Every structure is written in structure tokens, then in C-alpha cells.
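Colleague: Next up, my_file.txt (compact mmCIF, C-alpha atoms and all ligand atoms).
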# COMPACT_ATOMS: atom_id res chain seq x y z
CA MET A 3 -37.79 67.40 31.58
CA MET A 4 -39.58 70.46 32.86
CA ASN A 5 -40.77 70.80 36.45
CA GLY A 6 -40.06 67.10 36.63
CA LYS A 7 -42.31 66.42 33.65
CA GLN A 8 -41.16 65.24 30.27
CA HIS A 9 -41.64 67.77 27.50
CA VAL A 10 -43.18 65.62 24.81
CA THR A 11 -43.08 68.36 22.15
CA GLY A 12 -39.47 67.30 21.63
CA PHE A 13 -40.25 63.58 21.31
CA PHE A 14 -40.11 61.47 18.19
CA PRO A 15 -43.07 59.08 17.79
CA ALA A 16 -40.72 56.22 18.79
CA GLU A 17 -39.91 57.98 22.06
CA LEU A 18 -43.61 58.40 22.76
CA VAL A 19 -44.05 54.69 22.12
CA ASP A 20 -41.43 54.02 24.83
CA LEU A 21 -43.24 56.35 27.20
CA MET A 22 -46.55 54.57 26.55
CA THR A 23 -44.91 51.19 27.10
CA GLU A 24 -43.54 52.40 30.44
CA ILE A 25 -47.03 53.25 31.63
CA GLY A 26 -48.60 50.14 30.15
CA GLU A 27 -50.45 51.74 27.25
CA PRO A 28 -50.65 50.47 23.66
CA ARG A 29 -48.40 52.01 21.04
CA TYR A 30 -51.18 53.54 18.96
CA ARG A 31 -51.74 55.96 21.83
CA ALA A 32 -48.28 57.33 21.13
CA HIS A 33 -49.32 58.24 17.61
CA GLN A 34 -52.51 59.86 18.85
CA ILE A 35 -50.47 61.95 21.24
CA PHE A 36 -47.93 62.87 18.56
CA ARG A 37 -50.74 64.06 16.29
CA GLY A 38 -52.40 65.87 19.19
CA VAL A 39 -49.24 67.81 20.00
CA GLN A 40 -47.81 68.34 16.55
CA GLN A 41 -50.64 68.30 14.03
CA ARG A 42 -53.54 69.57 16.12
CA ARG A 43 -51.14 71.79 18.06
CA LEU A 44 -52.89 71.16 21.38
CA ARG A 45 -50.99 72.41 24.38
CA SER A 46 -52.63 70.28 27.06
CA PHE A 47 -53.57 66.61 27.25
CA ASP A 48 -57.01 67.61 28.53
CA GLU A 49 -57.85 68.87 25.07
CA MET A 50 -57.02 65.50 23.50
CA THR A 51 -60.55 64.21 23.79
CA ASP A 52 -59.75 61.18 21.68
CA LEU A 53 -57.79 59.83 24.66
CA PRO A 54 -59.63 58.15 27.55
CA LEU A 55 -60.05 60.45 30.53
CA ALA A 56 -57.91 58.20 32.71
CA LEU A 57 -55.03 58.27 30.26
CA ARG A 58 -55.23 62.05 29.93
CA SER A 59 -54.77 62.46 33.64
CA LYS A 60 -52.18 59.69 33.92
CA ILE A 61 -49.95 61.15 31.26
CA GLY A 62 -50.53 64.68 32.54
CA GLU A 63 -48.81 63.59 35.75
CA ILE A 64 -45.56 62.74 34.05
CA ALA A 65 -45.48 64.76 30.84
CA THR A 66 -46.53 68.04 29.26
CA PRO A 67 -46.79 69.44 25.75
CA ALA A 68 -46.28 73.02 27.01
CA ALA A 69 -42.95 74.21 28.36
CA LEU A 70 -42.93 77.73 26.97
CA THR A 71 -45.18 80.52 28.14
CA LEU A 72 -46.11 83.35 25.81
CA GLU A 73 -45.34 86.56 27.62
CA SER A 74 -46.11 89.19 25.02
CA LYS A 75 -46.68 89.82 21.38
CA TYR A 76 -45.85 92.88 19.32
CA VAL A 77 -47.37 93.63 15.93
CA SER A 78 -45.51 95.79 13.42
CA GLU A 79 -47.11 98.26 11.05
CA ASP A 80 -45.95 95.94 8.26
CA GLY A 81 -47.80 92.95 9.76
CA THR A 82 -44.74 91.24 11.23
CA ARG A 83 -45.35 89.82 14.70
CA ARG A 84 -42.77 89.32 17.42
CA PHE A 85 -43.51 86.78 20.15
CA LEU A 86 -41.63 86.96 23.41
CA MET A 87 -41.82 83.67 25.28
CA ARG A 88 -40.17 82.28 28.41
CA THR A 89 -38.66 78.93 29.20
CA PRO A 90 -39.62 77.27 32.51
CA ASP A 91 -36.42 78.72 34.00
CA GLY A 92 -37.37 82.20 32.88
CA ARG A 93 -35.09 82.55 29.87
CA PRO A 94 -36.32 84.64 26.93
CA VAL A 95 -37.20 83.02 23.61
CA GLU A 96 -38.18 85.17 20.65
CA THR A 97 -39.94 84.12 17.48
CA VAL A 98 -40.98 86.28 14.56
CA TYR A 99 -43.84 85.73 12.13
CA ILE A 100 -43.31 87.42 8.79
CA PRO A 101 -46.31 87.39 6.45
CA SER A 102 -45.94 87.98 2.75
CA GLU A 103 -48.23 87.60 -0.23
CA ASN A 104 -47.66 84.01 -1.16
CA ARG A 105 -45.84 82.58 1.80
CA ASP A 106 -45.36 83.00 5.52
CA THR A 107 -42.05 82.77 7.24
CA ILE A 108 -41.40 81.97 10.87
CA CYS A 109 -38.02 82.99 12.20
CA PHE A 110 -37.24 80.93 15.29
CA SER A 111 -34.56 80.91 17.97
CA SER A 112 -32.15 78.06 18.57
CA GLN A 113 -30.70 79.45 21.78
CA SER A 114 -31.76 81.94 24.44
CA GLY A 115 -29.32 84.79 23.92
CA CYS A 116 -26.09 84.24 22.00
CA GLN A 117 -22.43 83.77 22.84
CA LEU A 118 -21.04 85.06 19.54
CA LYS A 119 -20.11 88.69 19.85
CA CYS A 120 -20.98 90.03 16.42
CA ASP A 121 -20.41 93.73 16.77
CA PHE A 122 -23.49 94.80 14.81
CA CYS A 123 -26.04 92.53 16.51
CA LEU A 124 -28.21 93.35 19.49
CA THR A 125 -28.70 89.71 20.53
CA ALA A 126 -24.95 89.61 21.23
CA LYS A 127 -25.51 92.12 24.02
CA LEU A 128 -27.64 89.57 25.90
CA GLY A 129 -24.86 87.02 26.10
CA LEU A 130 -25.83 83.35 26.07
CA PHE A 131 -28.37 82.12 28.59
CA ARG A 132 -28.58 78.57 27.26
CA SER A 133 -29.31 76.38 24.27
CA LEU A 134 -32.95 75.47 23.72
CA THR A 135 -34.17 71.90 23.85
CA ALA A 136 -35.66 70.30 20.73
CA GLY A 137 -39.08 70.65 22.33
CA GLU A 138 -38.56 74.35 23.00
CA ILE A 139 -37.60 74.84 19.38
CA VAL A 140 -40.66 73.01 18.02
CA GLU A 141 -43.03 74.65 20.48
CA GLN A 142 -42.20 78.10 19.09
CA MET A 143 -43.85 77.15 15.77
CA ILE A 144 -46.84 75.63 17.56
CA ILE A 145 -47.45 78.83 19.51
CA VAL A 146 -46.99 81.09 16.50
CA LEU A 147 -49.17 79.02 14.14
CA ASN A 148 -51.93 78.85 16.74
CA ASP A 149 -51.80 82.60 17.17
CA VAL A 150 -51.89 83.30 13.45
CA TYR A 151 -54.36 80.64 12.24
CA GLY A 152 -56.11 79.38 15.37
CA VAL A 153 -55.50 76.16 17.26
CA GLY A 154 -55.00 73.25 14.89
CA ALA A 155 -56.17 75.11 11.78
CA GLU A 156 -54.31 74.31 8.59
CA THR A 157 -51.92 76.87 7.22
CA PRO A 158 -53.25 78.24 3.92
CA HIS A 159 -49.93 78.07 2.13
CA GLY A 160 -47.10 76.06 3.68
CA THR A 161 -44.87 77.83 6.11
CA ASN A 162 -41.21 78.55 5.61
CA LEU A 163 -38.87 78.40 8.57
CA VAL A 164 -35.63 80.22 9.13
CA ALA A 165 -33.29 79.50 12.04
CA MET A 166 -32.34 83.15 12.22
CA GLY A 167 -33.65 84.21 15.60
CA GLU A 168 -31.64 84.38 18.80
CA GLY A 169 -28.56 82.21 19.00
CA GLU A 170 -26.20 80.29 16.78
CA PRO A 171 -28.02 77.20 15.46
CA PHE A 172 -24.77 75.29 14.83
CA LEU A 173 -23.81 75.61 18.49
CA ASN A 174 -26.98 73.66 19.29
CA PHE A 175 -26.67 71.25 16.41
CA GLU A 176 -28.25 68.08 17.78
CA ASN A 177 -31.32 69.70 19.24
CA LEU A 178 -31.79 71.77 16.10
CA ILE A 179 -31.62 68.75 13.82
CA LYS A 180 -33.95 66.77 16.05
CA ALA A 181 -36.47 69.62 16.12
CA LEU A 182 -36.36 69.92 12.33
CA GLU A 183 -36.89 66.17 11.95
CA ILE A 184 -39.88 66.26 14.27
CA MET A 185 -41.34 69.20 12.37
CA SER A 186 -40.91 67.48 9.02
CA SER A 187 -43.18 64.59 10.04
CA GLU A 188 -46.29 64.10 7.97
CA GLU A 189 -48.11 63.24 11.19
CA GLY A 190 -47.01 66.59 12.60
CA LEU A 191 -46.36 70.10 11.36
CA PHE A 192 -45.16 68.64 8.05
CA ILE A 193 -42.66 71.40 7.33
CA VAL A 194 -40.23 69.65 5.02
CA PRO A 195 -36.48 70.45 4.90
CA GLY A 196 -36.84 72.22 1.55
CA ARG A 197 -38.85 74.90 3.32
CA VAL A 198 -36.27 75.46 6.03
CA THR A 199 -33.12 77.59 6.05
CA VAL A 200 -30.49 77.40 8.75
CA SER A 201 -28.19 80.38 9.14
CA THR A 202 -24.75 80.14 10.69
CA ALA A 203 -22.15 82.73 11.62
CA GLY A 204 -19.54 80.20 10.49
CA ILE A 205 -19.10 77.23 12.82
CA VAL A 206 -16.97 75.47 10.22
CA PRO A 207 -16.95 71.83 11.46
CA ARG A 208 -20.75 71.87 11.68
CA ILE A 209 -21.01 73.08 8.07
CA TYR A 210 -19.31 69.82 7.05
CA ASP A 211 -21.63 67.83 9.34
CA PHE A 212 -24.64 69.61 7.90
CA ALA A 213 -23.46 68.93 4.36
CA SER A 214 -23.36 65.21 5.09
CA LEU A 215 -26.98 64.92 6.25
CA ASP A 216 -29.32 63.08 3.86
CA ARG A 217 -32.36 65.27 4.05
CA ARG A 218 -31.07 68.60 5.02
CA PRO A 219 -32.48 72.11 5.00
CA ASN A 220 -31.05 75.04 3.05
CA LEU A 221 -27.98 76.81 4.31
CA ALA A 222 -27.16 80.48 4.78
CA ILE A 223 -23.77 81.69 5.94
CA SER A 224 -23.43 85.11 7.53
CA LEU A 225 -20.31 86.57 5.96
CA SER A 226 -20.53 90.37 6.23
CA ALA A 227 -16.89 90.99 5.35
CA PRO A 228 -14.67 89.78 2.49
CA ASP A 229 -11.38 89.55 4.38
CA ASP A 230 -10.02 88.49 7.77
CA GLU A 231 -8.97 91.92 8.92
CA LEU A 232 -12.48 93.32 8.75
CA ARG A 233 -14.30 90.11 9.64
CA ASP A 234 -12.16 89.61 12.75
CA LYS A 235 -13.50 92.93 13.98
CA LEU A 236 -17.12 92.52 13.01
CA MET A 237 -17.53 88.83 13.83
CA PRO A 238 -15.01 87.55 16.39
CA ILE A 239 -15.89 83.94 15.48
CA ASN A 240 -13.64 84.63 12.49
CA ARG A 241 -10.62 84.43 14.77
CA ARG A 242 -11.51 80.79 15.38
CA TRP A 243 -12.36 79.89 11.77
CA ASN A 244 -11.12 82.39 9.23
CA VAL A 245 -12.51 83.40 5.87
CA ASN A 246 -10.45 80.83 3.97
CA GLU A 247 -11.58 77.95 6.17
CA LEU A 248 -15.15 79.18 5.91
CA MET A 249 -14.96 79.35 2.12
CA ARG A 250 -13.51 75.86 1.91
CA ALA A 251 -16.40 74.54 3.99
CA ALA A 252 -18.82 76.49 1.81
CA LYS A 253 -17.30 74.87 -1.28
CA ALA A 254 -17.63 71.42 0.27
CA PHE A 255 -21.27 72.22 0.96
CA GLU A 256 -21.79 73.50 -2.57
CA LYS A 257 -20.64 70.14 -3.93
CA THR A 258 -23.50 68.42 -2.12
CA LEU A 259 -26.21 70.62 -3.64
CA LYS A 260 -28.76 68.95 -5.84
CA ARG A 261 -29.59 70.17 -9.29
CA GLY A 262 -31.01 73.69 -9.27
CA GLU A 263 -30.22 74.30 -5.61
CA ARG A 264 -28.19 77.23 -4.37
CA PHE A 265 -27.12 78.49 -0.99
CA THR A 266 -26.83 81.92 0.51
CA PHE A 267 -24.31 84.28 1.94
CA GLU A 268 -25.76 87.02 4.11
CA TYR A 269 -23.98 90.31 4.15
CA VAL A 270 -25.10 93.03 6.59
CA LEU A 271 -24.35 96.43 5.08
CA LEU A 272 -22.81 98.82 7.59
CA GLY A 273 -22.50 102.41 6.37
CA GLY A 274 -18.90 103.32 5.55
CA VAL A 275 -17.55 100.11 7.10
CA ASN A 276 -18.07 97.17 4.72
CA ASP A 277 -20.24 98.70 1.99
CA GLN A 278 -17.66 100.36 -0.24
CA VAL A 279 -16.83 99.54 -3.86
CA VAL A 280 -13.59 97.84 -2.76
CA HIS A 281 -15.55 95.52 -0.47
CA ALA A 282 -17.95 94.47 -3.21
CA GLU A 283 -15.06 93.85 -5.58
CA SER A 284 -13.15 91.92 -3.00
CA LEU A 285 -16.24 89.81 -2.19
CA ALA A 286 -16.69 88.92 -5.86
CA ARG A 287 -13.00 87.99 -6.09
CA LEU A 288 -13.24 85.84 -2.96
CA LEU A 289 -16.12 83.80 -4.42
CA LYS A 290 -14.21 83.40 -7.68
CA LYS A 291 -11.04 82.32 -5.90
CA HIS A 292 -12.93 79.54 -4.13
CA ASP A 293 -14.86 78.67 -7.26
CA LEU A 294 -18.19 79.30 -5.55
CA GLN A 295 -20.83 79.45 -8.25
CA ARG A 296 -24.13 78.31 -6.86
CA VAL A 297 -24.48 81.10 -4.36
CA LYS A 298 -26.60 84.15 -3.92
CA ILE A 299 -25.80 87.08 -1.74
CA ASN A 300 -28.51 88.50 0.49
CA LEU A 301 -27.64 92.10 1.26
CA ILE A 302 -29.20 93.01 4.59
CA PRO A 303 -29.45 96.72 5.37
CA HIS A 304 -28.16 97.25 8.89
CA ASN A 305 -30.89 97.59 11.50
CA PRO A 306 -29.52 100.23 13.81
CA ALA A 307 -29.96 100.46 17.58
CA GLU A 308 -28.69 102.81 20.24
CA GLN A 309 -26.22 100.28 21.64
CA LEU A 310 -24.76 99.53 18.21
CA PRO A 311 -21.90 101.61 16.77
CA TYR A 312 -23.03 101.47 13.12
CA ARG A 313 -25.37 103.22 10.74
CA PRO A 314 -27.20 101.83 7.72
CA SER A 315 -25.63 102.37 4.31
CA ASP A 316 -27.00 105.07 2.03
CA PRO A 317 -29.55 103.51 -0.32
CA GLU A 318 -27.45 104.46 -3.39
CA GLN A 319 -24.49 102.65 -1.84
CA VAL A 320 -26.61 99.53 -1.35
CA LEU A 321 -27.60 99.62 -5.01
CA ARG A 322 -24.03 100.21 -6.14
CA PHE A 323 -22.87 97.25 -4.03
CA LYS A 324 -25.46 94.99 -5.64
CA GLU A 325 -24.58 96.22 -9.15
CA ILE A 326 -20.88 95.55 -8.68
CA LEU A 327 -21.61 92.00 -7.60
CA GLU A 328 -23.98 91.44 -10.50
CA SER A 329 -21.58 92.90 -13.02
CA ARG A 330 -19.18 90.18 -11.88
CA GLY A 331 -21.75 87.44 -12.29
CA VAL A 332 -22.79 87.12 -8.64
CA SER A 333 -26.55 87.20 -7.91
CA ALA A 334 -27.39 89.61 -5.17
CA TYR A 335 -30.67 90.54 -3.54
CA ILE A 336 -31.45 93.44 -1.26
CA ARG A 337 -33.52 92.33 1.71
CA ARG A 338 -36.33 94.57 2.83
CA PRO A 339 -36.22 94.99 6.62
CA ARG A 340 -39.35 93.70 8.34
CA GLY A 341 -40.66 94.55 11.78
CA ARG A 342 -38.05 97.19 12.58
CA ASP A 343 -40.54 99.24 14.60
CA ILE A 344 -41.11 96.40 17.08
CA TYR A 345 -37.52 95.13 17.37
CA ALA A 346 -38.26 92.10 15.25
CA ALA A 347 -35.84 92.68 12.36
CA CYS A 348 -32.49 90.92 11.84
CA GLY A 349 -30.12 91.51 14.69
CA GLN A 350 -32.76 93.23 16.80
CA LEU A 351 -33.91 90.35 18.99
CA ALA A 352 -32.94 91.33 22.50
CA ALA A 353 -36.09 90.45 24.44
CA LYS A 354 -37.22 94.06 24.41
CA THR A 355 -40.38 94.80 26.35
CA GLU A 356 -40.65 98.58 26.34
CA PRO A 357 -44.29 99.69 26.50
CA ASN A 358 -43.78 102.25 23.71
CA LEU A 359 -43.41 99.35 21.28
CA VAL A 360 -47.20 99.01 21.30
CA GLN A 361 -47.93 95.66 22.73
CA ILE A 362 -51.03 94.36 21.01
CA ALA A 363 -51.84 91.54 23.32
CA SER A 364 -50.39 90.11 26.45
CA VAL A 365 -51.21 86.46 26.65
N1 LIG A 401 -26.15 83.24 14.50
C1 LIG A 401 -26.70 82.93 13.20
C2 LIG A 401 -28.20 83.04 13.18
C3 LIG A 401 -28.73 84.47 13.33
S1 LIG A 401 -29.27 85.00 11.79
C4 LIG A 401 -26.03 83.80 12.15
O1 LIG A 401 -25.30 84.70 12.52
O2 LIG A 401 -26.20 83.54 10.96
C5 LIG A 401 -29.34 86.68 12.02
C6 LIG A 401 -28.87 87.42 10.77
O3 LIG A 401 -29.02 88.82 11.05
C7 LIG A 401 -27.40 87.20 10.47
O4 LIG A 401 -27.21 87.05 9.09
C8 LIG A 401 -26.75 88.49 10.94
O5 LIG A 401 -25.59 88.77 10.20
C9 LIG A 401 -27.84 89.49 10.71
N2 LIG A 401 -27.74 90.66 11.59
C10 LIG A 401 -27.25 90.72 12.83
N3 LIG A 401 -27.34 91.97 13.32
C11 LIG A 401 -27.91 92.72 12.35
C12 LIG A 401 -28.29 94.08 12.25
N4 LIG A 401 -28.11 94.93 13.27
N5 LIG A 401 -28.87 94.50 11.12
C13 LIG A 401 -29.08 93.65 10.10
N6 LIG A 401 -28.77 92.35 10.13
C14 LIG A 401 -28.18 91.89 11.25
What do you get writing this file as C-alpha cells?
Ligand code: SAH
Modeller:
Amino acid sequence: MMNGKQHVTGFFPAELVDLMTEIGEPRYRAHQIFRGVQQRRLRSFDEMTDLPLALRSKIGEIATPAALTLESKYVSEDGTRRFLMRTPDGRPVETVYIPSENRDTICFSSQSGCQLKCDFCLTAKLGLFRSLTAGEIVEQMIIVLNDVYGVGAETPHGTNLVAMGEGEPFLNFENLIKALEIMSSEEGLFIVPGRVTVSTAGIVPRIYDFASLDRRPNLAISLSAPDDELRDKLMPINRRWNVNELMRAAKAFEKTLKRGERFTFEYVLLGGVNDQVVHAESLARLLKKHDLQRVKINLIPHNPAEQLPYRPSDPEQVLRFKEILESRGVSAYIRRPRGRDIYAACGQLAAKTEPNLVQIASV
């Protein structure tokens, strides 16, 4: 519900059928509306000219496809775009569009703010406002795709999604899964689970739940430290579920992978803190101990900010870290930061609105 109206962007076709039945309309109207919202990405019923005028106004009284408002948009020198949106109750929602040669990635938020207090992340400083509804999750993609390609236009090469924006996706599990199911519909955005990656800071019970889903997206686990002593400090969620418990869940997940699939550990490299030779060695040993084989490590250079007490690692140290892992048979990739100049990179989403960021358009 928003302003007393139902937010149909978070409705399955079957739920739209129920809504149509309630107002005495045939079920095929539900499918027209689903396609209007999801496939044509229309944000008002008035634009759905395939519906009779009377129906458009009748449904407009009780429902809406638009809960979020786009407040501002920032464009990086590397082409990355950051969208700052608001929920009806004024909470910030941030979404990042990351273009690259043969694919586009949209990084969306699962919550407004975040309750996990990861010491190296700016979103943590916001605290948690609230979890987003399924509709608010889906609508982020609709707004971004319309901005990038125009309303309803097809995307030239399918879009990848990552649940790596504000919030902890596994603390909003049901809404996240519902949103992903809606987005996978062929009658809608048609972004299939294989193109989606969900990242968790380590909500262990939900990793097991996720592993048991039939059609599930890819998984990334933010690790960032190879032992409890360090991880307790960097990511306080570790005090709830420690490294061992996390690795056991990761192993259970690994067993559900299909042929050729792998999953990811993310490791933010903080200069002098977790980027030393001993850390790389200990990380390789940890994976071996838990018999984790089908993993890759994404090494994320720390994105610094004034409020954060860390500095990025020296580039040679990053390379050395990667080489140590690889020499022990662990695949590791160094991630190139995107959109740092507009506060769009990993760990930088804090609803920043400073004018010196160069706001390209206010919508
Ligand atoms: N809460 C989830 C989803 C957020 S994903 C999770 O933690 O996985 C955001 C990713 O950015 C995480 O892998 C996190 O470790 C990383 N990150 C956070 N702060 C960062 C920073 N300052 N620099 C680089 N990466 C950061």
C-alpha cells in the first residue's frame, strides 16, 4: 500500500487477477496490466492505452505502478550512473547503473540504509531506515532502464542485476525473492536468475534457505577477513555467525551448484589491515580446510571516504595478494572500482547529494 493505494509493481500476475476480480474485471486485464507495468515499464495507468478509459481511472483510484520518486541522478566520468530515489515516506533508495562493453549491470538496494555495522562501509553510517517492499525493489530497475534506454525500449544486451546496493538482502529475504521472481517473468522484465547475484554479509540461516530454492540466483558472500579476530572487528555480524559457521553454510551452498557454476567471496582490501601476505595465506588455508573448491575471490579495492578509518591497499600489495591466492589454486579477480567520483562505488552509497558531485539531471 502507498498513500492508501496498492503498489502493483510488487504484484504477481495472480495477485493482479485477484485485484481485477475484486473490481469486477476479467482476468486478461490483469495480464495487460502486468505487461504494462513490467514489460512496457509504464509508470501510470493513463499511459496504458490498451485499457478502456473507464478502467484506467477506476484502477488509478485504488492502485499505482509508481511508489518511488527519482530525486537526482549523478553521472560518473566512467559512465556509471547513480540514481537517488525516495520512498513515499521519504526514505532514500539508491541504484547504480554500470555500463560495460558487452553487458550492463544494475546494482540495486534491498533496504533503505543498513543495520549491519561493517566498519569500512559508508552505508553503515546511515543506520537502517527500513526494508524495501518487493514493489520498491522492482521499481528501481524500471526507473533505471527507462532512463538508460527510454520508456519500454528493449535492452540491447540483457541486463545483469546485483543485490549489492544499500542494505543486507538476506535481512529482507521474502521481499527480495518475490521481487526477483517478478523480474524473471517472461511477461515482464525477463531478467532470469542466472543473470542475478545476491550478496550477503553472512546471514547464515538464510544462506541455507537460499541454497534450497529451485531457481535461485548466484551467491556472493562478503568475507573480508580470514579469521574471527579480524572479522569480528571489521564486520560485527561475525559475532553472531562466525567464520566457521559461515564456511559450513558456504560448503552446503557449494554442494547445490550445478555443473560449471561457481560462487563468490568478496574481500575488501584495506591497506595494512587485511591485505598482508599472512592474510592471503590464511584465506587460502581456510578455503582448503572447508574443502571449498568452486569459489572465486573478488578482491575489491577499498573505496575510501572521510568518515571511514581505512585507506586502500598499495596496488603492488593487491597484486601480491592475488598471486598468493592463485599460487594456492584459488581463482582471484581484482575488481575495478566504478563510479567512485559520484559516490556510486561499493560501500559508498550513503544518499549523498552534495552539489559538487555534478548532478547531471534532477528529475
Ligand atoms: N550487505 C550485503 C550487500 C552489500 S554489497 C553485503 O555486505 O554483501 C556491498 C559490497 O561492498 C560488499 O561486498 C562490501 O564488503 C563491499 N564494501 C563495503 N564497503 C566498501 C568500501 N568502502 N570499499 C569497497 N568495498 C566495500
Colleague: Using all atoms listed in the file, determine which residues fall within 6 Å of ligand LIG 401 (chain A), then list them as a list in words.
Modeller: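 After applying the 6 Å limit, what remains is Phe122, Cys123, Met166, Gly167, Gly169, Glu170, Ser201, Thr202, Ala203, Ile223, Ser224, Glu268, Val270, Ile302, Pro303, His304, Asn305, Pro306, Cys348 and Gly349 of chain A.
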Colleague: Report the distance between CA of Val153 in chain A and CA of Arg37 in chain A in Å, rounded to one decimal place.
Modeller: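 Going from CA of Val153 in chain A over to CA of Arg37 in chain A, I get 13.0 Å.
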Colleague: Just the number, please: distance in Å from CA of Ala155 in chain A to CA of Arg42 in chain A, one decimal.
Modeller: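 These atoms are spaced 7.5 Å apart.
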Colleague: Which residues are close to Gly190 in chain A, i.e. within 9 Å by only C-alpha atoms, leaving aside same-chain residues fewer than 4 positions away? Reply as a PDB file with C-alpha atoms, in the coordinates of the input.
Modeller:
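This is the output file selection.pdb:
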ATOM      1  CA  PHE A  36     -47.930  62.870  18.560  1.00  0.00           C
ATOM      2  CA  ARG A  37     -50.740  64.060  16.290  1.00  0.00           C
ATOM      3  CA  GLY A  38     -52.400  65.870  19.190  1.00  0.00           C
ATOM      4  CA  VAL A  39     -49.240  67.810  20.000  1.00  0.00           C
ATOM      5  CA  GLN A  40     -47.810  68.340  16.550  1.00  0.00           C
ATOM      6  CA  GLN A  41     -50.640  68.300  14.030  1.00  0.00           C
ATOM      7  CA  ARG A  42     -53.540  69.570  16.120  1.00  0.00           C
ATOM      8  CA  ARG A  43     -51.140  71.790  18.060  1.00  0.00           C
ATOM      9  CA  ILE A 184     -39.880  66.260  14.270  1.00  0.00           C
ATOM     10  CA  MET A 185     -41.340  69.200  12.370  1.00  0.00           C
ATOM     11  CA  SER A 186     -40.910  67.480   9.020  1.00  0.00           C
TER      12      SER A 186
END
Colleague: Excluding Ile239 in chain A and any residue of its chain fewer than 4 positions from it, enumerate the residues within 10 Å of it, using only C-alpha atoms, and give them as a list in words.
Modeller: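 With the cut-off at 10 Å, the set is Gln117, Leu118, Lys119, Cys120, Ala203, Gly204, Ile205, Arg233, Asp234, Lys235, Trp243 and Asn244 of chain A.
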Colleague: Hey, can you check how far CA of Lys290 in chain A sits from CA of Pro195 in chain A?
Modeller: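 Taking CA of Lys290 in chain A and CA of Pro195 in chain A, their separation equals 28.7 Å.
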Colleague: Need to verify the contact set: Arg330 in chain A, 7 Å, all atoms listed in the file, exclusion of same-chain residues closer than 3 positions in sequence. Can you return it as a list of chain:residue names?
Modeller: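 What passes the distance filter is A:Ala286, A:Ile326, A:Leu327.
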